[in-house]
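Encoded as structure tokens, the structure appears first; notes follow it.
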Amino acid sequence: MSPLLTDTALVFGRYARQTLRSRLQMLFGVLMPLLYLVFFGPLLTRLPLAAPGSSWQVLVPGLLLQLALFGASFCGFGIIVEKQYGVVERMRVTPVSRLALLLGRVLRDALLFVFQAVLLVLAALVMGLRAPLGGILAGFAFVAVLAAALASLSYALAMRVRLPQEFGPVINAVTMPSMLLSGLMLPMALAPGWLDALSHVMPLRYLVDAVRAAFTGDYGSPAVLRGALVAAGFTALAMALGARAFRRAAA
Amino acid sequence: MPALSTSGLARTFMTKNGPVEAVRGIDLTVERGEILGFLGPNGAGKTTTLRMLTTLLAPTGGSATVAGRDLIRDPAGVRLATGYVAQSGGVDPHLSVHEELVTQGRLYRLTKHRARERAEELADALGLTGLLARRTATLSGGQRRRLDLAMGLTHRPQVLFLDEPTTGLDPGSRADLWELVRTLRDTEGTTVLLTTHYLDEADALADRLVIVDRGVVAAEGTPDALKRTHAGSPGASLQDAFLAVTGRTPAPRDTAPLAV
């Protein structure tokens, strides 16, 4: 095995073990989307949503990506704490691959959020969601990719700040508008022209549209292809920024 | 060939208020098996120099050879041949001593089996054997520092950097740590470069001292030579010599610096 793969497996193993030890952390992220599912979802069942499929096929894709958005954006907190213990520097003076320091963590994050997404979909099935299996699996894939990209960006930022107090406000300032402007809760087809136009600058918008199309079984739709391309581009950019942060000497 | 040599090693930081020359040009030579005490007032550039020599920070000027490897051209080689124990240590409080030692071995590319063996060896050598299953958060200050040292020794480095190794330790634990560093030098021939603000530590442990001030080497020599040259007699205190060289006392990092 190449050093990059072994190192990534090693870093992944370390953080996966830490996550498995903290059951609360594993479940906590699913709480907010679950509340939306149970207390907001029922309001939509009889509304005209200007979208094919049931209201659950519209809402659940949004909640899946919301899970990744709010969960993964805050991943950087962990590394700020680790920096304070000196763990990051201790690892950076070893020959370990710099890219593996990022990839091992991001892989753990992606799996954690897919696990939470599975729980959310199970709850949604109870609430009344009916969607093809292929669409649901595609939804998990988008959750994994989005979580990896956002976690990577989050680590890149966290490597540059010293205190959690500097980090939280920035993340909040990015995640809230991202949620509102991407049509996570309700489809942008309901929006007036200017809002719909504005939402197209949000990469997340294309991912939401893709998962909604997949949930109705419309795999050949241009929305799915657009979403996949935007997700791939966004992830490549995020990974490059994350890798640079671990390669360069940081505070 | 010396274990470590630098020539004009420098680092300038770009800040909002213009460039800050943290290290203006350090010339150092450390022989194999030598314990070098690296002293200086707060902000003199000690930690910045250490961070450059451990590949954490890229120099903006000068050159250095560490354990026969060029610092700029072969940072990966430098990492394999050197160990670094930072002031903050670097172990996760939630993990066990054994887990951290084994992970460290694996980060240095030991096989799983070898990493476990090495963890046992290090625990034996540093008096951590009964503590392997303990979470690192539950260790005493002295035990924690011995673990930090073990982490830095995982790969038998030729050159070991220790940043303030005994800060906050009680006198007994400090003496234990000094003994471990001496043993390391005597049995493995390890070269040690340590920063400290305890002048009694520098006096007792270091073969030779370098005092840096404002980013350059202000004085160097054996503790006795420094006392003779800068404080008038070998019987004078190192504190007097330090004061004569820098005009300041070596305040610990966690206290406010004296008048500049």
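Following the order of the structure tokens, first chain is A, next is B, and so on, with residues numbered from 1 inside each chain and ligands from 1 in the order they appear.
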*asked:* Residues of chain A were defined as contacting chain B if any atom lay at most 10 Å from it, counting only C-alpha atoms; please report them as a PyMOL selection string.
replied: chain A and resi 3+6-7+10-11+13-14+17-18+21+81-97+247-251
*Step one, run DSSP on the backbone; step two, keep only residues of range 87-142 of chain A assigned to alpha helix (DSSP H); then write them as a ChimeraX atom specification.*
/A:87-92,98-127,133-142
*At what distance in Å, to one decimal, does CA of Ala149 in chain A lie from CA of Gly193 in chain A?*
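Answer for the CA of Gly193 in chain A to CA of Ala149 in chain A separation: 29.2 Å.
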_Taking 5 positions as the minimum chain separation for residues in the same chain, which residues sit within 9 Å of Arg145 in chain B when counting only C-alpha atoms? Answer as number ranges by chain._
B: 89, 140, 150, 165-166, 169, 173, 177
*Leaving out Leu59 in chain A and any residue of its chain fewer than 2 positions from it, which residues lie within 12 Å of it when counting only C-alpha atoms, given as a ChimeraX atom specification?*
/A:33-34,36-38,40-45,49,51-57,61-66,120-121,124,127-131,183-187,208-209,211-213,215
*Just list the residues in range 22-141 of chain B DSSP gives strand (DSSP E) on the backbone, as a PyMOL selection string.*
chain B and resi 22-30+35-39+61-66+69-70+82-85
Save out the residues we just selected, C-alpha atoms, as an mmCIF file, in the first residue's frame.
data_model
loop_
_atom_site.group_PDB
_atom_site.id
_atom_site.type_symbol
_atom_site.label_atom_id
_atom_site.label_comp_id
_atom_site.auth_asym_id
_atom_site.auth_seq_id
_atom_site.Cartn_x
_atom_site.Cartn_y
_atom_site.Cartn_z
ATOM 1 C CA ALA B 22 11.308 37.288 14.495
ATOM 2 C CA VAL B 23 14.623 35.597 13.713
ATOM 3 C CA ARG B 24 17.187 37.782 11.971
ATOM 4 C CA GLY B 25 19.973 35.303 11.273
ATOM 5 C CA ILE B 26 20.997 32.457 13.567
ATOM 6 C CA ASP B 27 24.352 30.723 13.186
ATOM 7 C CA LEU B 28 24.553 27.535 15.226
ATOM 8 C CA THR B 29 26.671 24.429 15.339
ATOM 9 C CA VAL B 30 25.767 21.496 17.574
ATOM 10 C CA ILE B 35 23.172 18.870 24.960
ATOM 11 C CA LEU B 36 22.707 22.448 23.871
ATOM 12 C CA GLY B 37 20.734 24.884 26.002
ATOM 13 C CA PHE B 38 18.971 27.485 23.884
ATOM 14 C CA LEU B 39 18.225 30.515 26.028
ATOM 15 C CA GLY B 61 16.349 33.196 4.811
ATOM 16 C CA GLY B 62 19.526 31.232 5.443
ATOM 17 C CA SER B 63 20.116 27.500 5.469
ATOM 18 C CA ALA B 64 20.412 24.610 7.882
ATOM 19 C CA THR B 65 21.559 21.012 7.945
ATOM 20 C CA VAL B 66 19.934 18.743 10.520
ATOM 21 C CA ARG B 69 19.812 16.456 5.802
ATOM 22 C CA ASP B 70 19.209 19.814 4.204
ATOM 23 C CA THR B 82 14.557 14.343 14.420
ATOM 24 C CA GLY B 83 12.121 14.348 17.317
ATOM 25 C CA TYR B 84 10.256 17.302 18.762
ATOM 26 C CA VAL B 85 8.589 17.646 22.123
#
*Take CA of Pro2 in chain B and CA of Val217 in chain B and report the distance between them in Å, one decimal.*
18.1 Å
*Just the residues within 10 Å of Leu69 in chain A, please, counting only C-alpha atoms, with nothing from its chain fewer than 2 positions along; format it as a list in words.*
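Listed by chain and then number, they are Leu63, Leu64, Leu65, Gln66, Leu67, Gly71, Ala72, Ser73, Phe74, Phe113, Val143, Leu146, Ala147, Ala149, Leu150, Ala151, Val174, Thr175, Met176, Ser178, Met179 and Leu204 of chain A.
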